[in-house]
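Have a look at query-v8.tsv; it's TSV, N, CA and C atoms:
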```
chain	number	residue	atom	x	y	z
A	1	MET	N	-10.56	-24.66	-30.39
A	1	MET	CA	-9.82	-25.23	-29.29
A	1	MET	C	-10.63	-25.15	-27.99
A	2	ALA	N	-11.27	-24.01	-27.73
A	2	ALA	CA	-12.07	-23.89	-26.51
A	2	ALA	C	-13.22	-24.89	-26.53
A	3	ALA	N	-13.83	-25.08	-27.69
A	3	ALA	CA	-14.93	-26.04	-27.78
A	3	ALA	C	-14.43	-27.45	-27.52
A	4	ASP	N	-13.22	-27.77	-28.01
A	4	ASP	CA	-12.65	-29.09	-27.76
A	4	ASP	C	-12.44	-29.30	-26.27
A	5	GLN	N	-11.95	-28.25	-25.59
A	5	GLN	CA	-11.69	-28.39	-24.16
A	5	GLN	C	-12.99	-28.62	-23.40
A	6	GLU	N	-14.03	-27.90	-23.79
A	6	GLU	CA	-15.30	-28.02	-23.09
A	6	GLU	C	-15.81	-29.46	-23.15
A	7	LYS	N	-15.58	-30.15	-24.26
A	7	LYS	CA	-16.10	-31.50	-24.44
A	7	LYS	C	-15.19	-32.57	-23.86
A	8	SER	N	-13.88	-32.33	-23.88
A	8	SER	CA	-12.99	-33.43	-23.58
A	8	SER	C	-12.10	-33.27	-22.35
A	9	THR	N	-11.92	-32.08	-21.84
A	9	THR	CA	-10.98	-31.88	-20.75
A	9	THR	C	-11.72	-31.64	-19.45
A	10	PRO	N	-11.51	-32.49	-18.46
A	10	PRO	CA	-12.16	-32.26	-17.17
A	10	PRO	C	-11.49	-31.12	-16.42
A	11	GLY	N	-12.18	-30.60	-15.43
A	11	GLY	CA	-11.60	-29.54	-14.61
A	11	GLY	C	-12.06	-28.16	-15.05
A	12	ALA	N	-11.48	-27.17	-14.45
A	12	ALA	CA	-11.85	-25.78	-14.73
A	12	ALA	C	-11.47	-25.41	-16.16
A	13	PHE	N	-12.28	-24.58	-16.76
A	13	PHE	CA	-12.06	-24.09	-18.12
A	13	PHE	C	-10.81	-23.21	-18.12
A	14	ASP	N	-9.85	-23.53	-18.95
A	14	ASP	CA	-8.60	-22.78	-19.05
A	14	ASP	C	-8.73	-21.73	-20.13
A	15	LEU	N	-8.63	-20.46	-19.73
A	15	LEU	CA	-8.73	-19.35	-20.68
A	15	LEU	C	-7.37	-18.96	-21.26
A	16	GLY	N	-6.34	-19.67	-20.86
A	16	GLY	CA	-4.98	-19.33	-21.29
A	16	GLY	C	-4.23	-18.67	-20.15
A	17	GLU	N	-2.92	-18.83	-20.15
A	17	GLU	CA	-2.07	-18.27	-19.12
A	17	GLU	C	-2.48	-18.72	-17.72
A	18	GLY	N	-3.11	-19.90	-17.64
A	18	GLY	CA	-3.51	-20.45	-16.36
A	18	GLY	C	-4.73	-19.80	-15.74
A	19	LEU	N	-5.42	-18.94	-16.48
A	19	LEU	CA	-6.60	-18.24	-15.95
A	19	LEU	C	-7.85	-19.07	-16.16
A	20	THR	N	-8.72	-19.04	-15.17
A	20	THR	CA	-10.05	-19.64	-15.28
A	20	THR	C	-11.08	-18.51	-15.28
A	21	PRO	N	-12.33	-18.81	-15.63
A	21	PRO	CA	-13.36	-17.77	-15.55
A	21	PRO	C	-13.51	-17.17	-14.14
A	22	VAL	N	-13.33	-17.99	-13.13
A	22	VAL	CA	-13.41	-17.48	-11.75
A	22	VAL	C	-12.29	-16.47	-11.50
A	23	ASP	N	-11.11	-16.72	-12.04
A	23	ASP	CA	-10.00	-15.77	-11.90
A	23	ASP	C	-10.37	-14.43	-12.53
A	24	VAL	N	-11.03	-14.47	-13.68
A	24	VAL	CA	-11.44	-13.22	-14.34
A	24	VAL	C	-12.44	-12.48	-13.46
A	25	TRP	N	-13.44	-13.20	-12.96
A	25	TRP	CA	-14.45	-12.57	-12.10
A	25	TRP	C	-13.77	-11.94	-10.88
A	26	GLN	N	-12.89	-12.68	-10.24
A	26	GLN	CA	-12.21	-12.17	-9.05
A	26	GLN	C	-11.32	-10.97	-9.39
A	27	GLY	N	-10.62	-11.04	-10.51
A	27	GLY	CA	-9.75	-9.93	-10.91
A	27	GLY	C	-10.52	-8.65	-11.15
A	28	LEU	N	-11.64	-8.77	-11.84
A	28	LEU	CA	-12.47	-7.59	-12.12
A	28	LEU	C	-12.99	-6.97	-10.82
A	29	HIS	N	-13.44	-7.81	-9.92
A	29	HIS	CA	-14.01	-7.30	-8.68
A	29	HIS	C	-12.94	-6.81	-7.70
A	30	ALA	N	-11.75	-7.36	-7.79
A	30	ALA	CA	-10.65	-6.89	-6.94
A	30	ALA	C	-10.16	-5.51	-7.37
A	31	SER	N	-10.21	-5.24	-8.67
A	31	SER	CA	-9.71	-3.95	-9.15
A	31	SER	C	-10.72	-2.81	-8.97
A	32	GLU	N	-11.99	-3.15	-8.80
A	32	GLU	CA	-13.01	-2.11	-8.68
A	32	GLU	C	-12.76	-1.15	-7.52
A	33	PRO	N	-12.47	-1.63	-6.29
A	33	PRO	CA	-12.20	-0.67	-5.21
A	33	PRO	C	-10.96	0.19	-5.47
A	34	LEU	N	-9.97	-0.36	-6.17
A	34	LEU	CA	-8.78	0.42	-6.51
A	34	LEU	C	-9.14	1.53	-7.50
A	35	TRP	N	-10.00	1.21	-8.46
A	35	TRP	CA	-10.45	2.19	-9.44
A	35	TRP	C	-11.22	3.30	-8.73
A	36	ILE	N	-12.11	2.94	-7.82
A	36	ILE	CA	-12.91	3.92	-7.09
A	36	ILE	C	-11.99	4.81	-6.23
A	37	ALA	N	-11.02	4.20	-5.55
A	37	ALA	CA	-10.12	4.95	-4.68
A	37	ALA	C	-9.23	5.92	-5.45
A	38	SER	N	-9.02	5.65	-6.73
A	38	SER	CA	-8.18	6.52	-7.56
A	38	SER	C	-8.89	7.80	-7.98
A	39	ALA	N	-10.21	7.82	-7.87
A	39	ALA	CA	-10.97	8.99	-8.32
A	39	ALA	C	-10.62	10.21	-7.47
A	40	GLY	N	-10.30	11.29	-8.17
A	40	GLY	CA	-10.08	12.56	-7.50
A	40	GLY	C	-8.76	12.72	-6.77
A	41	VAL	N	-7.86	11.77	-6.91
A	41	VAL	CA	-6.55	11.93	-6.27
A	41	VAL	C	-5.50	12.24	-7.33
A	42	ASP	N	-4.39	12.79	-6.89
A	42	ASP	CA	-3.31	13.12	-7.81
A	42	ASP	C	-2.84	11.85	-8.54
A	43	GLY	N	-2.86	11.88	-9.86
A	43	GLY	CA	-2.48	10.72	-10.65
A	43	GLY	C	-3.59	9.68	-10.78
A	44	GLY	N	-4.75	10.00	-10.26
A	44	GLY	CA	-5.86	9.06	-10.26
A	44	GLY	C	-6.33	8.66	-11.65
A	45	ASN	N	-6.40	9.62	-12.56
A	45	ASN	CA	-6.85	9.30	-13.93
A	45	ASN	C	-5.89	8.31	-14.59
A	46	GLU	N	-4.61	8.51	-14.36
A	46	GLU	CA	-3.62	7.59	-14.92
A	46	GLU	C	-3.78	6.19	-14.33
A	47	ASN	N	-4.01	6.12	-13.02
A	47	ASN	CA	-4.24	4.83	-12.38
A	47	ASN	C	-5.49	4.16	-12.92
A	48	GLN	N	-6.56	4.94	-13.07
A	48	GLN	CA	-7.81	4.39	-13.58
A	48	GLN	C	-7.63	3.86	-15.01
A	49	THR	N	-6.86	4.57	-15.81
A	49	THR	CA	-6.60	4.11	-17.17
A	49	THR	C	-5.87	2.78	-17.17
A	50	ARG	N	-4.87	2.64	-16.32
A	50	ARG	CA	-4.13	1.37	-16.21
A	50	ARG	C	-5.03	0.24	-15.74
A	51	ILE	N	-5.88	0.54	-14.76
A	51	ILE	CA	-6.81	-0.48	-14.25
A	51	ILE	C	-7.78	-0.90	-15.35
A	52	ASP	N	-8.30	0.07	-16.10
A	52	ASP	CA	-9.20	-0.25	-17.21
A	52	ASP	C	-8.51	-1.14	-18.24
A	53	GLU	N	-7.27	-0.83	-18.57
A	53	GLU	CA	-6.53	-1.63	-19.55
A	53	GLU	C	-6.33	-3.06	-19.06
A	54	THR	N	-6.01	-3.21	-17.79
A	54	THR	CA	-5.85	-4.54	-17.21
A	54	THR	C	-7.17	-5.30	-17.24
A	55	ASP	N	-8.24	-4.63	-16.86
A	55	ASP	CA	-9.55	-5.28	-16.86
A	55	ASP	C	-9.99	-5.66	-18.27
A	56	LEU	N	-9.70	-4.81	-19.24
A	56	LEU	CA	-10.04	-5.15	-20.63
A	56	LEU	C	-9.27	-6.38	-21.10
A	57	SER	N	-8.03	-6.51	-20.67
A	57	SER	CA	-7.27	-7.70	-21.07
A	57	SER	C	-7.88	-8.95	-20.44
A	58	LEU	N	-8.40	-8.85	-19.23
A	58	LEU	CA	-9.11	-9.98	-18.61
A	58	LEU	C	-10.40	-10.29	-19.36
A	59	LEU	N	-11.15	-9.25	-19.69
A	59	LEU	CA	-12.42	-9.44	-20.39
A	59	LEU	C	-12.22	-10.12	-21.75
A	60	LYS	N	-11.17	-9.75	-22.44
A	60	LYS	CA	-10.90	-10.35	-23.76
A	60	LYS	C	-10.65	-11.85	-23.65
A	61	LYS	N	-10.16	-12.32	-22.50
A	61	LYS	CA	-9.95	-13.76	-22.29
A	61	LYS	C	-11.27	-14.53	-22.37
A	62	LEU	N	-12.38	-13.85	-22.10
A	62	LEU	CA	-13.68	-14.52	-22.08
A	62	LEU	C	-14.27	-14.76	-23.47
A	63	GLU	N	-13.61	-14.27	-24.51
A	63	GLU	CA	-14.16	-14.43	-25.86
A	63	GLU	C	-14.29	-15.89	-26.29
A	64	THR	N	-13.57	-16.79	-25.61
A	64	THR	CA	-13.66	-18.22	-25.93
A	64	THR	C	-14.51	-18.99	-24.91
A	65	PHE	N	-15.04	-18.28	-23.94
A	65	PHE	CA	-15.83	-18.93	-22.89
A	65	PHE	C	-17.31	-18.77	-23.18
A	66	PRO	N	-18.07	-19.87	-23.18
A	66	PRO	CA	-19.50	-19.81	-23.54
A	66	PRO	C	-20.30	-18.91	-22.58
A	67	ALA	N	-21.09	-18.04	-23.17
A	67	ALA	CA	-21.92	-17.10	-22.39
A	67	ALA	C	-22.84	-17.86	-21.44
A	68	LYS	N	-23.36	-18.98	-21.87
A	68	LYS	CA	-24.28	-19.76	-21.03
A	68	LYS	C	-23.59	-20.18	-19.74
A	69	ARG	N	-22.34	-20.59	-19.83
A	69	ARG	CA	-21.61	-21.02	-18.63
A	69	ARG	C	-21.30	-19.84	-17.71
A	70	TRP	N	-20.98	-18.68	-18.30
A	70	TRP	CA	-20.74	-17.48	-17.47
A	70	TRP	C	-22.04	-17.11	-16.73
A	71	ALA	N	-23.15	-17.16	-17.44
A	71	ALA	CA	-24.44	-16.84	-16.83
A	71	ALA	C	-24.77	-17.82	-15.69
A	72	GLN	N	-24.46	-19.09	-15.88
A	72	GLN	CA	-24.70	-20.06	-14.82
A	72	GLN	C	-23.86	-19.74	-13.59
A	73	MET	N	-22.61	-19.35	-13.81
A	73	MET	CA	-21.73	-19.00	-12.70
A	73	MET	C	-22.29	-17.78	-11.95
A	74	CYS	N	-22.67	-16.75	-12.69
A	74	CYS	CA	-23.19	-15.54	-12.06
A	74	CYS	C	-24.55	-15.76	-11.42
A	75	ASP	N	-25.36	-16.65	-11.98
A	75	ASP	CA	-26.62	-17.00	-11.33
A	75	ASP	C	-26.34	-17.57	-9.95
A	76	GLY	N	-25.27	-18.35	-9.85
A	76	GLY	CA	-24.93	-18.98	-8.59
A	76	GLY	C	-24.32	-18.04	-7.57
A	77	ILE	N	-23.45	-17.14	-8.01
A	77	ILE	CA	-22.76	-16.26	-7.05
A	77	ILE	C	-23.42	-14.90	-6.91
A	78	GLY	N	-24.33	-14.59	-7.81
A	78	GLY	CA	-25.02	-13.30	-7.77
A	78	GLY	C	-24.50	-12.36	-8.85
A	79	TRP	N	-25.42	-11.74	-9.54
A	79	TRP	CA	-25.07	-10.82	-10.62
A	79	TRP	C	-24.57	-9.50	-10.08
A	80	THR	N	-23.53	-8.98	-10.72
A	80	THR	CA	-23.01	-7.64	-10.45
A	80	THR	C	-22.90	-6.92	-11.79
A	81	ALA	N	-22.69	-5.62	-11.72
A	81	ALA	CA	-22.51	-4.85	-12.97
A	81	ALA	C	-21.31	-5.39	-13.75
A	82	LEU	N	-20.23	-5.72	-13.05
A	82	LEU	CA	-19.05	-6.25	-13.75
A	82	LEU	C	-19.30	-7.66	-14.28
A	83	GLY	N	-20.10	-8.44	-13.59
A	83	GLY	CA	-20.47	-9.77	-14.09
A	83	GLY	C	-21.26	-9.66	-15.38
A	84	ALA	N	-22.19	-8.69	-15.43
A	84	ALA	CA	-22.97	-8.47	-16.65
A	84	ALA	C	-22.07	-7.98	-17.78
A	85	THR	N	-21.16	-7.08	-17.46
A	85	THR	CA	-20.21	-6.59	-18.46
A	85	THR	C	-19.39	-7.74	-19.01
A	86	ALA	N	-18.90	-8.60	-18.13
A	86	ALA	CA	-18.10	-9.74	-18.57
A	86	ALA	C	-18.91	-10.66	-19.49
A	87	LEU	N	-20.18	-10.84	-19.20
A	87	LEU	CA	-21.03	-11.66	-20.07
A	87	LEU	C	-21.00	-11.14	-21.50
A	88	SER	N	-20.95	-9.84	-21.65
A	88	SER	CA	-20.97	-9.25	-23.00
A	88	SER	C	-19.74	-9.65	-23.82
A	89	TRP	N	-18.67	-10.08	-23.16
A	89	TRP	CA	-17.45	-10.49	-23.84
A	89	TRP	C	-17.42	-11.98	-24.16
A	90	CYS	N	-18.33	-12.74	-23.59
A	90	CYS	CA	-18.30	-14.20	-23.75
A	90	CYS	C	-18.76	-14.64	-25.14
A	91	GLN	N	-18.30	-15.82	-25.50
A	91	GLN	CA	-18.66	-16.44	-26.78
A	91	GLN	C	-20.17	-16.61	-26.84
A	92	SER	N	-20.77	-16.22	-27.95
A	92	SER	CA	-22.21	-16.34	-28.22
A	92	SER	C	-23.07	-15.39	-27.40
A	93	SER	N	-22.47	-14.38	-26.79
A	93	SER	CA	-23.27	-13.39	-26.07
A	93	SER	C	-23.91	-12.45	-27.07
A	94	ASN	N	-24.92	-11.72	-26.61
A	94	ASN	CA	-25.59	-10.74	-27.47
A	94	ASN	C	-26.15	-9.62	-26.59
A	95	ASN	N	-26.67	-8.58	-27.23
A	95	ASN	CA	-27.18	-7.43	-26.48
A	95	ASN	C	-28.33	-7.81	-25.55
A	96	GLN	N	-29.20	-8.72	-26.00
A	96	GLN	CA	-30.33	-9.11	-25.17
A	96	GLN	C	-29.86	-9.80	-23.89
A	97	ALA	N	-28.90	-10.70	-24.02
A	97	ALA	CA	-28.37	-11.39	-22.84
A	97	ALA	C	-27.74	-10.38	-21.87
A	98	PHE	N	-27.01	-9.41	-22.42
A	98	PHE	CA	-26.41	-8.38	-21.58
A	98	PHE	C	-27.47	-7.57	-20.86
A	99	LYS	N	-28.53	-7.18	-21.57
A	99	LYS	CA	-29.59	-6.37	-20.94
A	99	LYS	C	-30.26	-7.12	-19.80
A	100	VAL	N	-30.51	-8.40	-19.99
A	100	VAL	CA	-31.13	-9.20	-18.92
A	100	VAL	C	-30.17	-9.29	-17.72
A	101	ALA	N	-28.90	-9.57	-18.00
A	101	ALA	CA	-27.91	-9.68	-16.92
A	101	ALA	C	-27.79	-8.34	-16.18
A	102	TRP	N	-27.74	-7.24	-16.93
A	102	TRP	CA	-27.61	-5.92	-16.33
A	102	TRP	C	-28.82	-5.64	-15.43
A	103	SER	N	-30.02	-5.98	-15.87
A	103	SER	CA	-31.21	-5.73	-15.06
A	103	SER	C	-31.21	-6.59	-13.79
A	104	ASN	N	-30.57	-7.76	-13.84
A	104	ASN	CA	-30.43	-8.58	-12.64
A	104	ASN	C	-29.41	-7.99	-11.67
A	105	ALA	N	-28.43	-7.27	-12.20
A	105	ALA	CA	-27.33	-6.75	-11.39
A	105	ALA	C	-27.60	-5.35	-10.84
A	106	VAL	N	-28.26	-4.53	-11.63
A	106	VAL	CA	-28.39	-3.11	-11.30
A	106	VAL	C	-29.86	-2.77	-11.13
A	107	LYS	N	-30.24	-2.40	-9.93
A	107	LYS	CA	-31.64	-2.11	-9.62
A	107	LYS	C	-31.96	-0.62	-9.63
A	108	ASP	N	-30.97	0.21	-9.34
A	108	ASP	CA	-31.20	1.65	-9.27
A	108	ASP	C	-31.16	2.28	-10.64
A	109	GLU	N	-32.00	3.28	-10.83
A	109	GLU	CA	-32.00	3.99	-12.11
A	109	GLU	C	-30.79	4.92	-12.22
A	110	GLU	N	-30.37	5.50	-11.09
A	110	GLU	CA	-29.19	6.36	-11.10
A	110	GLU	C	-27.96	5.49	-10.86
A	111	LEU	N	-27.06	5.50	-11.83
A	111	LEU	CA	-25.89	4.63	-11.77
A	111	LEU	C	-24.77	5.23	-10.94
A	112	SER	N	-24.08	4.38	-10.20
A	112	SER	CA	-22.88	4.81	-9.48
A	112	SER	C	-21.74	4.97	-10.49
A	113	ASP	N	-20.66	5.58	-10.07
A	113	ASP	CA	-19.50	5.75	-10.95
A	113	ASP	C	-18.96	4.39	-11.40
A	114	SER	N	-18.92	3.42	-10.49
A	114	SER	CA	-18.40	2.11	-10.88
A	114	SER	C	-19.33	1.40	-11.85
A	115	GLN	N	-20.64	1.62	-11.73
A	115	GLN	CA	-21.58	1.04	-12.70
A	115	GLN	C	-21.44	1.70	-14.07
A	116	LYS	N	-21.22	3.01	-14.08
A	116	LYS	CA	-20.97	3.71	-15.35
A	116	LYS	C	-19.71	3.17	-16.01
A	117	ARG	N	-18.68	2.92	-15.19
A	117	ARG	CA	-17.43	2.36	-15.71
A	117	ARG	C	-17.69	0.97	-16.30
A	118	ALA	N	-18.46	0.16	-15.59
A	118	ALA	CA	-18.77	-1.19	-16.08
A	118	ALA	C	-19.45	-1.12	-17.45
A	119	LEU	N	-20.36	-0.17	-17.62
A	119	LEU	CA	-21.03	-0.02	-18.92
A	119	LEU	C	-20.04	0.34	-20.02
A	120	LYS	N	-19.06	1.18	-19.70
A	120	LYS	CA	-18.05	1.57	-20.70
A	120	LYS	C	-17.18	0.39	-21.11
A	121	LEU	N	-17.00	-0.58	-20.21
A	121	LEU	CA	-16.17	-1.75	-20.51
A	121	LEU	C	-16.93	-2.83	-21.26
A	122	ALA	N	-18.25	-2.73	-21.31
A	122	ALA	CA	-19.06	-3.75	-21.98
A	122	ALA	C	-18.76	-3.77	-23.48
A	123	LYS	N	-18.82	-4.95	-24.05
A	123	LYS	CA	-18.58	-5.13	-25.48
A	123	LYS	C	-19.91	-4.96	-26.21
A	124	ALA	N	-19.92	-4.08	-27.19
A	124	ALA	CA	-21.15	-3.85	-27.96
A	124	ALA	C	-21.31	-4.95	-29.00
A	125	HIS	N	-22.54	-5.35	-29.22
A	125	HIS	CA	-22.87	-6.35	-30.25
A	125	HIS	C	-23.80	-5.72	-31.26
A	126	ASP	N	-23.68	-6.17	-32.49
A	126	ASP	CA	-24.57	-5.64	-33.54
A	126	ASP	C	-25.97	-6.21	-33.45
```
Translate the structure of the given file into structure tokens.
Amino acid sequence: MAADQEKSTPGAFDLGEGLTPVDVWQGLHASEPLWIASAGVDGGNENQTRIDETDLSLLKKLETFPAKRWAQMCDGIGWTALGATALSWCQSSNNQAFKVAWSNAVKDEELSDSQKRALKLAKAHD
């Protein structure tokens, strides 16, 4: 169905429930400061778990979206750790594509807490 849409339906790619890939990107990046702010506060772990679950549900929407198109979008707006993580969930993605995207997004050898979180959300490929 996603392949049919890519060929025949004009407009933004519909991931279901009215979501577009841009919505996923924005959702992931909007929740990151909330996740960071929850660290070390009372009930923070519970909040972080809920945020992770929400973000994972967004990432799963990308399983029908072509990795090449996600990469084109991120090339245009700039790579982030969450953008690289999202690429790992896209259709036809692989570990090599993720590694290249991650190296474009993350320049420091020492990872921030949010970058470590992004790595945990990445989808592993065989």
* **Atomic distance atom C of Ala101 (chain A) - CA of Leu62 (chain A), expressed in Å with one decimal** =>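 Computing the Euclidean distance for atom C of Ala101 (chain A) and CA of Leu62 (chain A) yields 16.5 Å.
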* Asked: In Å to one decimal, how far is atom C of Asp52 (chain A) from CA of Asn95 (chain A)?
  ->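 One can read the CA of Asn95 (chain A) to atom C of Asp52 (chain A) distance as 21.4 Å.
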Please define a box with edges along x, y and z of the file around all atoms of region 73-84 of chain A given in the file, extend it by 5 Å on each side, and return its centre and edge lengths in Å to one decimal, as lines of an AutoDock Vina configuration file.
```
center_x = -22.8
center_y = -12.1
center_z = -12.3
size_x = 17.6
size_y = 24.5
size_z = 20.9
```
* To do: Can you work out which one of A:Gln72, A:Gln48, A:Gln96, A:Ser57 has the shortest atom-to-atom distance to Glu32 (chain A), counting only C-alpha atoms?
  =>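 Smallest distance to Glu32 (chain A) is found for A:Gln48.
The space between CA of His125 (chain A) and CA of Ala39 (chain A) spans 29.3 Å.
Among the candidate residues A:Asp113, A:Asp14, A:Asp75, A:Glu63, the one lying nearest to Cys90 (chain A) is A:Glu63, with distances computed using all atoms listed in the file.
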* Could you pull out the residues in region 11-118 of chain A that DSSP calls alpha helix (DSSP H) from the backbone, as a PyMOL selection string? => chain A and resi 21-38+44-61+67-77+81-89+95-105+113-118
* Asked: Could you name the residues that touch Trp25 (chain A) at 8 Å or less, counting all atoms listed in the file, but leaving out those on the same chain fewer than 3 positions away, as a ChimeraX atom specification?
  -> /A:20-22,28-31,58,82-83,86
* **Sel. within 6 Å of pt (-6.4, 5.7, -4.4), counting only N, CA and C atoms, output as a ChimeraX atom specification** => /A:34,36-39
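Of the residues listed (A:Gly27, A:Gly76, A:Gly40, A:Pro66), A:Pro66 shows the shortest atom-to-atom separation from Trp89 (chain A); distances use only N, CA and C atoms.
Nearest to Val106 (chain A) of all the residues A:Trp35, A:Asn47, A:Ala124, A:Trp79 is A:Trp79, counting only N, CA and C atoms.
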* A:Leu19, A:Ile51, A:Leu59, A:Ala84 ranked by distance to Phe98 (chain A), top pick (using only C-alpha atoms) -> A:Ala84
Tell me which protein, DNA and RNA residues are within 8 Å of Thr80 (chain A), counting only C-alpha atoms, leaving out same-chain ones fewer than 6 positions away, and put them as a PDB file with N, CA and C atoms, keeping the file's coordinate frame.
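Written file, selection-v6.pdb:
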```
ATOM      1  N   TRP A 102     -27.740  -7.240 -16.930  1.00  0.00           N
ATOM      2  CA  TRP A 102     -27.610  -5.920 -16.330  1.00  0.00           C
ATOM      3  C   TRP A 102     -28.820  -5.640 -15.430  1.00  0.00           C
ATOM      4  N   ASN A 104     -30.570  -7.760 -13.840  1.00  0.00           N
ATOM      5  CA  ASN A 104     -30.430  -8.580 -12.640  1.00  0.00           C
ATOM      6  C   ASN A 104     -29.410  -7.990 -11.670  1.00  0.00           C
ATOM      7  N   ALA A 105     -28.430  -7.270 -12.200  1.00  0.00           N
ATOM      8  CA  ALA A 105     -27.330  -6.750 -11.390  1.00  0.00           C
ATOM      9  C   ALA A 105     -27.600  -5.350 -10.840  1.00  0.00           C
ATOM     10  N   VAL A 106     -28.260  -4.530 -11.630  1.00  0.00           N
ATOM     11  CA  VAL A 106     -28.390  -3.110 -11.300  1.00  0.00           C
ATOM     12  C   VAL A 106     -29.860  -2.770 -11.130  1.00  0.00           C
TER      13      VAL A 106
END
```
Take region 86-92 of chain A, bring it up to all heavy atoms, and give me the output as a JSON list (two decimals), in the coordinates of the input.
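Output (out-v5.json):
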```json
[["chain", "number", "residue", "atom", "x", "y", "z"],
["A", 86, "ALA", "N", -18.90, -8.60, -18.13],
["A", 86, "ALA", "CA", -18.10, -9.74, -18.57],
["A", 86, "ALA", "C", -18.91, -10.66, -19.49],
["A", 86, "ALA", "O", -18.37, -11.18, -20.47],
["A", 86, "ALA", "CB", -17.58, -10.50, -17.36],
["A", 87, "LEU", "N", -20.18, -10.84, -19.20],
["A", 87, "LEU", "CA", -21.03, -11.66, -20.07],
["A", 87, "LEU", "C", -21.00, -11.14, -21.50],
["A", 87, "LEU", "O", -20.98, -11.92, -22.46],
["A", 87, "LEU", "CB", -22.47, -11.70, -19.55],
["A", 87, "LEU", "CG", -23.46, -12.47, -20.42],
["A", 87, "LEU", "CD1", -23.16, -13.96, -20.40],
["A", 87, "LEU", "CD2", -24.89, -12.19, -19.99],
["A", 88, "SER", "N", -20.95, -9.84, -21.65],
["A", 88, "SER", "CA", -20.97, -9.25, -23.00],
["A", 88, "SER", "C", -19.74, -9.65, -23.82],
["A", 88, "SER", "O", -19.76, -9.58, -25.04],
["A", 88, "SER", "CB", -21.09, -7.72, -22.93],
["A", 88, "SER", "OG", -19.88, -7.12, -22.51],
["A", 89, "TRP", "N", -18.67, -10.08, -23.16],
["A", 89, "TRP", "CA", -17.45, -10.49, -23.84],
["A", 89, "TRP", "C", -17.42, -11.98, -24.16],
["A", 89, "TRP", "O", -16.56, -12.45, -24.91],
["A", 89, "TRP", "CB", -16.23, -10.13, -22.98],
["A", 89, "TRP", "CG", -15.94, -8.67, -23.02],
["A", 89, "TRP", "CD1", -16.49, -7.70, -22.22],
["A", 89, "TRP", "CD2", -15.08, -8.00, -23.93],
["A", 89, "TRP", "NE1", -16.01, -6.47, -22.58],
["A", 89, "TRP", "CE2", -15.15, -6.63, -23.63],
["A", 89, "TRP", "CE3", -14.26, -8.43, -24.97],
["A", 89, "TRP", "CZ2", -14.41, -5.68, -24.33],
["A", 89, "TRP", "CZ3", -13.52, -7.48, -25.66],
["A", 89, "TRP", "CH2", -13.60, -6.13, -25.35],
["A", 90, "CYS", "N", -18.33, -12.74, -23.59],
["A", 90, "CYS", "CA", -18.30, -14.20, -23.75],
["A", 90, "CYS", "C", -18.76, -14.64, -25.14],
["A", 90, "CYS", "O", -19.52, -13.93, -25.81],
["A", 90, "CYS", "CB", -19.20, -14.85, -22.70],
["A", 90, "CYS", "SG", -18.59, -14.70, -21.02],
["A", 91, "GLN", "N", -18.30, -15.82, -25.50],
["A", 91, "GLN", "CA", -18.66, -16.44, -26.78],
["A", 91, "GLN", "C", -20.17, -16.61, -26.84],
["A", 91, "GLN", "O", -20.79, -17.07, -25.88],
["A", 91, "GLN", "CB", -17.95, -17.78, -26.88],
["A", 91, "GLN", "CG", -18.18, -18.54, -28.15],
["A", 91, "GLN", "CD", -17.48, -19.89, -28.07],
["A", 91, "GLN", "OE1", -17.81, -20.70, -27.22],
["A", 91, "GLN", "NE2", -16.51, -20.09, -28.92],
["A", 92, "SER", "N", -20.77, -16.22, -27.95],
["A", 92, "SER", "CA", -22.21, -16.34, -28.22],
["A", 92, "SER", "C", -23.07, -15.39, -27.40],
["A", 92, "SER", "O", -24.28, -15.56, -27.33],
["A", 92, "SER", "CB", -22.71, -17.77, -28.00],
["A", 92, "SER", "OG", -21.99, -18.66, -28.82]]
```
